[in-house]
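Asks: File final-v9.txt below, compact mmCIF, N, CA and C atoms:
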```txt
# COMPACT_ATOMS: atom_id res chain seq x y z
N MET A 1016 0.84 -1.18 0.00
CA MET A 1016 0.00 0.00 0.00
C MET A 1016 0.88 1.24 0.00
N LYS A 1017 0.55 2.18 -0.86
CA LYS A 1017 1.27 3.45 -0.90
C LYS A 1017 0.27 4.57 -0.69
N ILE A 1018 0.69 5.55 0.08
CA ILE A 1018 -0.10 6.76 0.27
C ILE A 1018 0.26 7.68 -0.89
N SER A 1019 -0.75 8.24 -1.55
CA SER A 1019 -0.51 9.11 -2.71
C SER A 1019 0.02 10.47 -2.27
N THR A 1020 0.41 11.24 -3.25
CA THR A 1020 0.85 12.61 -3.01
C THR A 1020 -0.26 13.40 -2.33
N LYS A 1021 -1.50 13.18 -2.73
CA LYS A 1021 -2.63 13.90 -2.14
C LYS A 1021 -2.70 13.64 -0.64
N GLY A 1022 -2.53 12.39 -0.22
CA GLY A 1022 -2.56 12.06 1.20
C GLY A 1022 -1.40 12.67 1.96
N ARG A 1023 -0.22 12.58 1.38
CA ARG A 1023 0.96 13.16 2.03
C ARG A 1023 0.82 14.68 2.16
N TYR A 1024 0.34 15.32 1.11
CA TYR A 1024 0.17 16.77 1.14
C TYR A 1024 -0.93 17.18 2.11
N ALA A 1025 -1.98 16.41 2.21
CA ALA A 1025 -3.05 16.73 3.16
C ALA A 1025 -2.49 16.76 4.59
N LEU A 1026 -1.64 15.80 4.92
CA LEU A 1026 -1.01 15.81 6.24
C LEU A 1026 -0.12 17.03 6.42
N ARG A 1027 0.68 17.35 5.40
CA ARG A 1027 1.57 18.50 5.49
C ARG A 1027 0.80 19.80 5.63
N ILE A 1028 -0.32 19.92 4.92
CA ILE A 1028 -1.15 21.13 5.01
C ILE A 1028 -1.70 21.28 6.43
N MET A 1029 -2.22 20.20 6.97
CA MET A 1029 -2.79 20.26 8.33
C MET A 1029 -1.72 20.59 9.36
N VAL A 1030 -0.54 20.02 9.22
CA VAL A 1030 0.56 20.33 10.13
C VAL A 1030 0.94 21.80 9.99
N ASP A 1031 1.02 22.30 8.77
CA ASP A 1031 1.35 23.69 8.54
C ASP A 1031 0.33 24.62 9.19
N LEU A 1032 -0.95 24.33 9.00
CA LEU A 1032 -1.99 25.15 9.62
C LEU A 1032 -1.89 25.14 11.14
N ALA A 1033 -1.56 23.99 11.70
CA ALA A 1033 -1.44 23.88 13.16
C ALA A 1033 -0.21 24.64 13.67
N LEU A 1034 0.91 24.48 12.99
CA LEU A 1034 2.14 25.14 13.42
C LEU A 1034 2.06 26.66 13.30
N ASN A 1035 1.32 27.14 12.34
CA ASN A 1035 1.26 28.57 12.06
C ASN A 1035 -0.03 29.22 12.53
N ASP A 1036 -0.74 28.54 13.42
CA ASP A 1036 -2.01 29.06 13.92
C ASP A 1036 -1.76 30.26 14.83
N CYS A 1037 -2.25 31.41 14.39
CA CYS A 1037 -2.15 32.62 15.22
C CYS A 1037 -3.52 33.26 15.36
N GLY A 1038 -4.58 32.46 15.11
CA GLY A 1038 -5.93 32.98 15.24
C GLY A 1038 -6.43 33.71 14.01
N GLU A 1039 -5.62 33.76 12.96
CA GLU A 1039 -6.02 34.42 11.71
C GLU A 1039 -5.97 33.42 10.58
N TYR A 1040 -6.72 33.72 9.52
CA TYR A 1040 -6.73 32.85 8.35
C TYR A 1040 -5.38 32.92 7.64
N ILE A 1041 -4.95 31.77 7.16
CA ILE A 1041 -3.65 31.66 6.48
C ILE A 1041 -3.90 31.51 4.98
N ARG A 1042 -3.23 32.32 4.21
CA ARG A 1042 -3.41 32.30 2.76
C ARG A 1042 -2.75 31.08 2.12
N LEU A 1043 -3.35 30.62 1.04
CA LEU A 1043 -2.79 29.49 0.31
C LEU A 1043 -1.36 29.77 -0.15
N LYS A 1044 -1.11 31.00 -0.54
CA LYS A 1044 0.22 31.37 -1.01
C LYS A 1044 1.28 31.10 0.06
N GLU A 1045 0.95 31.40 1.31
CA GLU A 1045 1.90 31.17 2.41
C GLU A 1045 2.15 29.68 2.62
N ILE A 1046 1.06 28.90 2.60
CA ILE A 1046 1.20 27.45 2.76
C ILE A 1046 2.01 26.90 1.59
N SER A 1047 1.71 27.37 0.40
CA SER A 1047 2.41 26.92 -0.80
C SER A 1047 3.91 27.16 -0.69
N GLN A 1048 4.28 28.34 -0.25
CA GLN A 1048 5.70 28.67 -0.13
C GLN A 1048 6.40 27.83 0.93
N ARG A 1049 5.77 27.70 2.09
CA ARG A 1049 6.39 26.94 3.19
C ARG A 1049 6.50 25.46 2.87
N GLN A 1050 5.46 24.90 2.25
CA GLN A 1050 5.41 23.47 2.01
C GLN A 1050 5.90 23.05 0.62
N GLU A 1051 6.19 24.04 -0.22
CA GLU A 1051 6.63 23.77 -1.59
C GLU A 1051 5.63 22.88 -2.34
N ILE A 1052 4.36 23.27 -2.21
CA ILE A 1052 3.25 22.62 -2.90
C ILE A 1052 2.61 23.69 -3.77
N THR A 1053 2.34 23.38 -5.02
CA THR A 1053 1.76 24.38 -5.90
C THR A 1053 0.37 24.79 -5.41
N ILE A 1054 0.03 26.03 -5.67
CA ILE A 1054 -1.30 26.53 -5.29
C ILE A 1054 -2.37 25.70 -6.00
N LYS A 1055 -2.11 25.32 -7.24
CA LYS A 1055 -3.07 24.51 -7.98
C LYS A 1055 -3.36 23.19 -7.26
N TYR A 1056 -2.33 22.56 -6.72
CA TYR A 1056 -2.53 21.30 -5.98
C TYR A 1056 -3.25 21.58 -4.65
N LEU A 1057 -2.88 22.65 -3.99
CA LEU A 1057 -3.57 23.02 -2.74
C LEU A 1057 -5.05 23.25 -2.98
N GLU A 1058 -5.38 23.86 -4.12
CA GLU A 1058 -6.78 24.13 -4.45
C GLU A 1058 -7.58 22.84 -4.68
N GLN A 1059 -6.90 21.74 -4.93
CA GLN A 1059 -7.58 20.45 -5.07
C GLN A 1059 -7.79 19.78 -3.72
N ILE A 1060 -6.88 20.01 -2.79
CA ILE A 1060 -6.93 19.33 -1.49
C ILE A 1060 -7.77 20.09 -0.47
N MET A 1061 -7.71 21.40 -0.49
CA MET A 1061 -8.41 22.19 0.52
C MET A 1061 -9.92 21.94 0.55
N PRO A 1062 -10.59 21.78 -0.59
CA PRO A 1062 -12.03 21.48 -0.51
C PRO A 1062 -12.33 20.16 0.22
N LEU A 1063 -11.45 19.18 0.10
CA LEU A 1063 -11.63 17.92 0.82
C LEU A 1063 -11.57 18.16 2.33
N LEU A 1064 -10.58 18.94 2.75
CA LEU A 1064 -10.40 19.22 4.17
C LEU A 1064 -11.50 20.12 4.72
N THR A 1065 -11.96 21.04 3.89
CA THR A 1065 -13.04 21.94 4.29
C THR A 1065 -14.36 21.17 4.40
N LYS A 1066 -14.65 20.35 3.40
CA LYS A 1066 -15.89 19.57 3.41
C LYS A 1066 -15.95 18.62 4.60
N ALA A 1067 -14.79 18.09 4.98
CA ALA A 1067 -14.72 17.17 6.12
C ALA A 1067 -14.86 17.92 7.45
N GLY A 1068 -14.84 19.25 7.41
CA GLY A 1068 -14.95 20.04 8.63
C GLY A 1068 -13.63 20.20 9.37
N TYR A 1069 -12.52 19.90 8.72
CA TYR A 1069 -11.22 19.99 9.36
C TYR A 1069 -10.66 21.41 9.32
N VAL A 1070 -11.00 22.15 8.27
CA VAL A 1070 -10.54 23.53 8.17
C VAL A 1070 -11.72 24.44 7.87
N ARG A 1071 -11.55 25.68 8.25
CA ARG A 1071 -12.52 26.72 7.91
C ARG A 1071 -11.89 27.60 6.84
N SER A 1072 -12.70 28.05 5.91
CA SER A 1072 -12.19 28.92 4.87
C SER A 1072 -12.93 30.25 4.92
N TYR A 1073 -12.23 31.27 4.45
CA TYR A 1073 -12.82 32.61 4.38
C TYR A 1073 -12.32 33.25 3.10
N ARG A 1074 -13.24 33.79 2.32
CA ARG A 1074 -12.88 34.44 1.07
C ARG A 1074 -12.71 35.93 1.28
N GLY A 1075 -11.95 36.55 0.40
CA GLY A 1075 -11.78 37.99 0.46
C GLY A 1075 -10.35 38.39 0.72
N ASN A 1076 -10.16 39.68 0.98
CA ASN A 1076 -8.80 40.21 1.17
C ASN A 1076 -8.05 39.54 2.32
N ASN A 1077 -8.73 39.30 3.40
CA ASN A 1077 -8.09 38.66 4.55
C ASN A 1077 -8.44 37.17 4.61
N GLY A 1078 -8.75 36.62 3.46
CA GLY A 1078 -9.19 35.24 3.39
C GLY A 1078 -8.05 34.25 3.53
N GLY A 1079 -8.45 33.01 3.66
CA GLY A 1079 -7.49 31.93 3.80
C GLY A 1079 -8.13 30.77 4.52
N TYR A 1080 -7.30 30.03 5.24
CA TYR A 1080 -7.74 28.81 5.92
C TYR A 1080 -7.18 28.77 7.33
N MET A 1081 -7.93 28.09 8.19
CA MET A 1081 -7.46 27.83 9.56
C MET A 1081 -8.09 26.52 10.02
N LEU A 1082 -7.48 25.91 11.01
CA LEU A 1082 -8.05 24.69 11.57
C LEU A 1082 -9.40 25.00 12.20
N ALA A 1083 -10.31 24.07 12.08
CA ALA A 1083 -11.64 24.24 12.67
C ALA A 1083 -11.66 23.80 14.13
N ARG A 1084 -10.70 22.97 14.52
CA ARG A 1084 -10.67 22.45 15.89
C ARG A 1084 -9.24 22.46 16.43
N ASN A 1085 -9.11 22.05 17.65
CA ASN A 1085 -7.82 21.92 18.30
C ASN A 1085 -7.02 20.78 17.65
N PRO A 1086 -5.71 20.94 17.48
CA PRO A 1086 -4.90 19.89 16.84
C PRO A 1086 -5.02 18.51 17.49
N LYS A 1087 -5.31 18.45 18.78
CA LYS A 1087 -5.42 17.15 19.44
C LYS A 1087 -6.68 16.39 19.02
N GLU A 1088 -7.60 17.06 18.32
CA GLU A 1088 -8.84 16.44 17.89
C GLU A 1088 -8.76 15.82 16.49
N TYR A 1089 -7.62 15.91 15.85
CA TYR A 1089 -7.43 15.33 14.52
C TYR A 1089 -6.46 14.16 14.61
N THR A 1090 -6.83 13.02 14.04
CA THR A 1090 -5.87 11.92 13.96
C THR A 1090 -5.31 11.87 12.55
N MET A 1091 -4.11 11.34 12.44
CA MET A 1091 -3.50 11.18 11.12
C MET A 1091 -4.36 10.25 10.27
N GLY A 1092 -4.98 9.26 10.90
CA GLY A 1092 -5.84 8.33 10.17
C GLY A 1092 -7.04 9.03 9.55
N ASP A 1093 -7.68 9.91 10.32
CA ASP A 1093 -8.83 10.64 9.79
C ASP A 1093 -8.44 11.51 8.60
N ILE A 1094 -7.32 12.19 8.72
CA ILE A 1094 -6.88 13.07 7.64
C ILE A 1094 -6.54 12.24 6.40
N LEU A 1095 -5.81 11.14 6.59
CA LEU A 1095 -5.45 10.29 5.45
C LEU A 1095 -6.69 9.70 4.78
N ARG A 1096 -7.64 9.23 5.58
CA ARG A 1096 -8.86 8.66 4.99
C ARG A 1096 -9.67 9.72 4.24
N THR A 1097 -9.61 10.96 4.69
CA THR A 1097 -10.30 12.04 3.98
C THR A 1097 -9.68 12.24 2.60
N ALA A 1098 -8.37 12.19 2.53
CA ALA A 1098 -7.68 12.42 1.26
C ALA A 1098 -7.62 11.17 0.39
N GLU A 1099 -7.45 10.01 1.00
CA GLU A 1099 -7.19 8.78 0.27
C GLU A 1099 -8.38 7.85 0.14
N GLY A 1100 -9.33 7.95 1.04
CA GLY A 1100 -10.36 6.93 1.13
C GLY A 1100 -9.87 5.88 2.12
N SER A 1101 -10.32 4.67 1.96
CA SER A 1101 -9.95 3.60 2.88
C SER A 1101 -8.45 3.34 2.87
N LEU A 1102 -7.93 2.92 4.01
CA LEU A 1102 -6.52 2.55 4.11
C LEU A 1102 -6.33 1.04 4.01
N ALA A 1103 -7.38 0.34 3.58
CA ALA A 1103 -7.31 -1.12 3.47
C ALA A 1103 -6.26 -1.53 2.44
N PRO A 1104 -5.43 -2.51 2.79
CA PRO A 1104 -4.40 -2.95 1.85
C PRO A 1104 -4.96 -3.71 0.65
N ILE A 1105 -6.15 -4.31 0.80
CA ILE A 1105 -6.83 -4.97 -0.32
C ILE A 1105 -8.31 -4.63 -0.25
N ALA A 1106 -8.95 -4.58 -1.40
CA ALA A 1106 -10.32 -4.08 -1.48
C ALA A 1106 -11.35 -4.97 -0.79
N CYS A 1107 -11.18 -6.28 -0.83
CA CYS A 1107 -12.24 -7.16 -0.35
C CYS A 1107 -12.52 -7.04 1.15
N ILE A 1108 -11.56 -6.57 1.93
CA ILE A 1108 -11.79 -6.51 3.37
C ILE A 1108 -12.60 -5.28 3.78
N GLU A 1109 -12.88 -4.39 2.84
CA GLU A 1109 -13.69 -3.21 3.16
C GLU A 1109 -15.16 -3.56 3.30
N ASP A 1110 -15.60 -4.65 2.69
CA ASP A 1110 -17.01 -5.05 2.74
C ASP A 1110 -17.31 -5.87 3.99
N HIS A 1111 -18.42 -5.54 4.64
CA HIS A 1111 -18.88 -6.31 5.80
C HIS A 1111 -20.32 -6.73 5.54
N PRO A 1112 -20.61 -7.99 5.39
CA PRO A 1112 -19.65 -9.09 5.38
C PRO A 1112 -18.84 -9.09 4.09
N ASN A 1113 -17.71 -9.77 4.15
CA ASN A 1113 -16.82 -9.88 3.00
C ASN A 1113 -17.56 -10.58 1.87
N ARG A 1114 -17.62 -9.94 0.71
CA ARG A 1114 -18.35 -10.48 -0.44
C ARG A 1114 -17.47 -11.24 -1.41
N CYS A 1115 -16.22 -11.35 -1.11
CA CYS A 1115 -15.32 -12.09 -2.00
C CYS A 1115 -15.75 -13.56 -2.06
N THR A 1116 -15.81 -14.09 -3.25
CA THR A 1116 -16.25 -15.48 -3.41
C THR A 1116 -15.26 -16.46 -2.78
N ARG A 1117 -14.05 -16.03 -2.55
CA ARG A 1117 -13.04 -16.92 -1.96
C ARG A 1117 -12.81 -16.67 -0.48
N SER A 1118 -13.59 -15.79 0.14
CA SER A 1118 -13.31 -15.40 1.52
C SER A 1118 -13.34 -16.58 2.50
N GLN A 1119 -14.19 -17.58 2.26
CA GLN A 1119 -14.29 -18.72 3.17
C GLN A 1119 -13.06 -19.62 3.11
N GLU A 1120 -12.40 -19.69 1.95
CA GLU A 1120 -11.23 -20.56 1.84
C GLU A 1120 -9.92 -19.79 1.70
N CYS A 1121 -9.98 -18.47 1.80
CA CYS A 1121 -8.77 -17.65 1.63
C CYS A 1121 -7.90 -17.73 2.88
N LEU A 1122 -6.76 -18.34 2.76
CA LEU A 1122 -5.86 -18.49 3.89
C LEU A 1122 -5.13 -17.20 4.24
N THR A 1123 -5.05 -16.27 3.29
CA THR A 1123 -4.34 -15.02 3.56
C THR A 1123 -5.26 -13.91 4.11
N LEU A 1124 -6.56 -14.12 4.10
CA LEU A 1124 -7.50 -13.10 4.56
C LEU A 1124 -7.21 -12.62 5.98
N PRO A 1125 -6.95 -13.52 6.95
CA PRO A 1125 -6.64 -13.04 8.31
C PRO A 1125 -5.40 -12.13 8.36
N PHE A 1126 -4.42 -12.43 7.51
CA PHE A 1126 -3.23 -11.58 7.44
C PHE A 1126 -3.61 -10.16 7.00
N TRP A 1127 -4.39 -10.04 5.92
CA TRP A 1127 -4.79 -8.73 5.40
C TRP A 1127 -5.65 -7.98 6.41
N GLU A 1128 -6.54 -8.69 7.08
CA GLU A 1128 -7.38 -8.05 8.09
C GLU A 1128 -6.54 -7.54 9.26
N GLY A 1129 -5.54 -8.35 9.65
CA GLY A 1129 -4.64 -7.93 10.73
C GLY A 1129 -3.81 -6.72 10.34
N MET A 1130 -3.32 -6.72 9.10
CA MET A 1130 -2.54 -5.59 8.62
C MET A 1130 -3.39 -4.32 8.63
N TRP A 1131 -4.62 -4.43 8.16
CA TRP A 1131 -5.52 -3.27 8.13
C TRP A 1131 -5.79 -2.76 9.54
N ARG A 1132 -5.99 -3.67 10.47
CA ARG A 1132 -6.24 -3.30 11.86
C ARG A 1132 -5.03 -2.53 12.43
N VAL A 1133 -3.82 -3.03 12.18
CA VAL A 1133 -2.62 -2.38 12.69
C VAL A 1133 -2.44 -1.00 12.06
N ILE A 1134 -2.67 -0.89 10.76
CA ILE A 1134 -2.56 0.41 10.08
C ILE A 1134 -3.52 1.41 10.70
N ASN A 1135 -4.78 1.01 10.84
CA ASN A 1135 -5.79 1.93 11.40
C ASN A 1135 -5.50 2.28 12.85
N GLU A 1136 -5.12 1.28 13.64
CA GLU A 1136 -4.83 1.56 15.05
C GLU A 1136 -3.69 2.55 15.20
N TYR A 1137 -2.63 2.36 14.41
CA TYR A 1137 -1.50 3.29 14.51
C TYR A 1137 -1.88 4.68 13.98
N ALA A 1138 -2.48 4.73 12.80
CA ALA A 1138 -2.84 6.02 12.20
C ALA A 1138 -3.81 6.79 13.09
N ASP A 1139 -4.69 6.08 13.79
CA ASP A 1139 -5.66 6.73 14.66
C ASP A 1139 -5.10 7.03 16.05
N SER A 1140 -3.91 6.54 16.35
CA SER A 1140 -3.32 6.81 17.66
C SER A 1140 -2.44 8.06 17.66
N VAL A 1141 -2.12 8.59 16.49
CA VAL A 1141 -1.25 9.76 16.38
C VAL A 1141 -2.11 10.96 15.98
N THR A 1142 -2.05 12.00 16.79
CA THR A 1142 -2.83 13.21 16.51
C THR A 1142 -1.95 14.27 15.88
N LEU A 1143 -2.60 15.28 15.36
CA LEU A 1143 -1.88 16.43 14.82
C LEU A 1143 -1.06 17.09 15.92
N ALA A 1144 -1.61 17.13 17.13
CA ALA A 1144 -0.88 17.70 18.27
C ALA A 1144 0.39 16.89 18.56
N ASP A 1145 0.33 15.56 18.41
CA ASP A 1145 1.53 14.73 18.63
C ASP A 1145 2.62 15.08 17.63
N ILE A 1146 2.24 15.27 16.38
CA ILE A 1146 3.22 15.60 15.33
C ILE A 1146 3.90 16.93 15.65
N ILE A 1147 3.09 17.90 16.07
CA ILE A 1147 3.62 19.23 16.39
C ILE A 1147 4.53 19.16 17.62
N LYS A 1148 4.09 18.42 18.62
CA LYS A 1148 4.87 18.28 19.85
C LYS A 1148 6.23 17.64 19.54
N ASN A 1149 6.24 16.63 18.69
CA ASN A 1149 7.49 15.96 18.33
C ASN A 1149 8.39 16.88 17.51
N HIS A 1150 7.80 17.82 16.79
CA HIS A 1150 8.59 18.77 16.00
C HIS A 1150 9.31 19.76 16.90
N LYS A 1151 8.61 20.22 17.91
CA LYS A 1151 9.19 21.22 18.81
C LYS A 1151 10.19 20.57 19.72
```
Can you present the structure in this file as structure tokens?
Replies:
Amino acid sequence: MKISTKGRYALRIMVDLALNDCGEYIRLKEISQRQEITIKYLEQIMPLLTKAGYVRSYRGNNGGYMLARNPKEYTMGDILRTAEGSLAPIACIEDHPNRCTRSQECLTLPFWEGMWRVINEYADSVTLADIIKNHK
């Protein structure tokens, strides 16, 4: 499983917003410069984060983006799933019950389910606040 550029950038954007939170909206241009992400790419990711309720946006001269909540309320897993969708290593384990025709005799299914559980548990155990704290 690989996390796409969109997922990696979503994490970097959220970290940037948290690190630079001064109670004012942050312009895309500033995030773009600090994170070396094109404004065009940011314009694709920000609606995902806004729609999920992770960031607030404001248009106009003093417009920009800011976190909607405290950094400790965001998990890396939630942010990644917003940008990437499921973090399942294989598609068939996303269905409950599993609809794969081979699920009853698949000897590797428990391995994939265990891997998915470990990925989600770890991703959901690390918050945005943890990332910032480790940076400082």
Asks: When you draw a straight line from CA of Asn1077 (chain A) to CA of Ile1147 (chain A), how long is it in Å?
Replies: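 Answer for the CA of Asn1077 (chain A) to CA of Ile1147 (chain A) separation: 25.6 Å.
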Asks: I'd like the contact shell of region 1117-1134 of chain A - 8 Å cut-off, all atoms listed in the file, skipping same-chain residues fewer than 3 positions apart - returned as number ranges by chain.
Replies: A: 1092, 1102-1105, 1108, 1113-1114, 1137-1140
Asks: Which of region 1035-1096 of chain A end up as alpha helix (DSSP H) when DSSP is run on this backbone - answer as a list in words?
Replies: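 Residues meeting the alpha helix (DSSP H) criterion: Leu1043, Lys1044, Glu1045, Ile1046, Ser1047, Gln1048, Arg1049, Gln1050, Ile1054, Lys1055, Tyr1056, Leu1057, Glu1058, Gln1059, Ile1060, Met1061, Pro1062, Leu1063, Leu1064, Thr1065, Lys1066, Met1091, Gly1092, Asp1093, Ile1094, Leu1095 and Arg1096 of chain A.
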Asks: What does the distance between atom N of Ile1018 (chain A) and atom N of Glu1099 (chain A) come to in Å, to one decimal place?
Replies: 9.3 Å
Asks: Taking only residues of region 1062-1106 of chain A that have an atom at most 9 Å from an atom of region 1038-1047 of chain A, what is each one's shortest atom pair and its distance in Å to one decimal, using only C-alpha atoms, in chain and number order, as a tab-separated table?
Replies:
```
residue	atom	partner	partner_atom	distance
A:Arg1071	CA	A:Tyr1040	CA	8.4
A:Ser1072	CA	A:Tyr1040	CA	7.6
A:Tyr1073	CA	A:Tyr1040	CA	7.3
A:Asn1077	CA	A:Tyr1040	CA	7.1
A:Gly1078	CA	A:Tyr1040	CA	6.0
A:Gly1079	CA	A:Arg1042	CA	4.2
A:Tyr1080	CA	A:Tyr1040	CA	4.8
A:Met1081	CA	A:Tyr1040	CA	5.2
A:Leu1082	CA	A:Tyr1040	CA	8.9
```
Asks: Counting only C-alpha atoms, which of A:Asn1085, A:Asn1076, A:Ile1028, A:Thr1142 gets nearest to Ile1054 (chain A)?
Replies: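 When distances to Ile1054 (chain A) are compared using only C-alpha atoms, the smallest one comes from A:Ile1028.
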Asks: Calculate how many Å separate atom N of Pro1062 (chain A) from atom C of Ala1098 (chain A), rounding to one decimal.
Replies: 11.1 Å
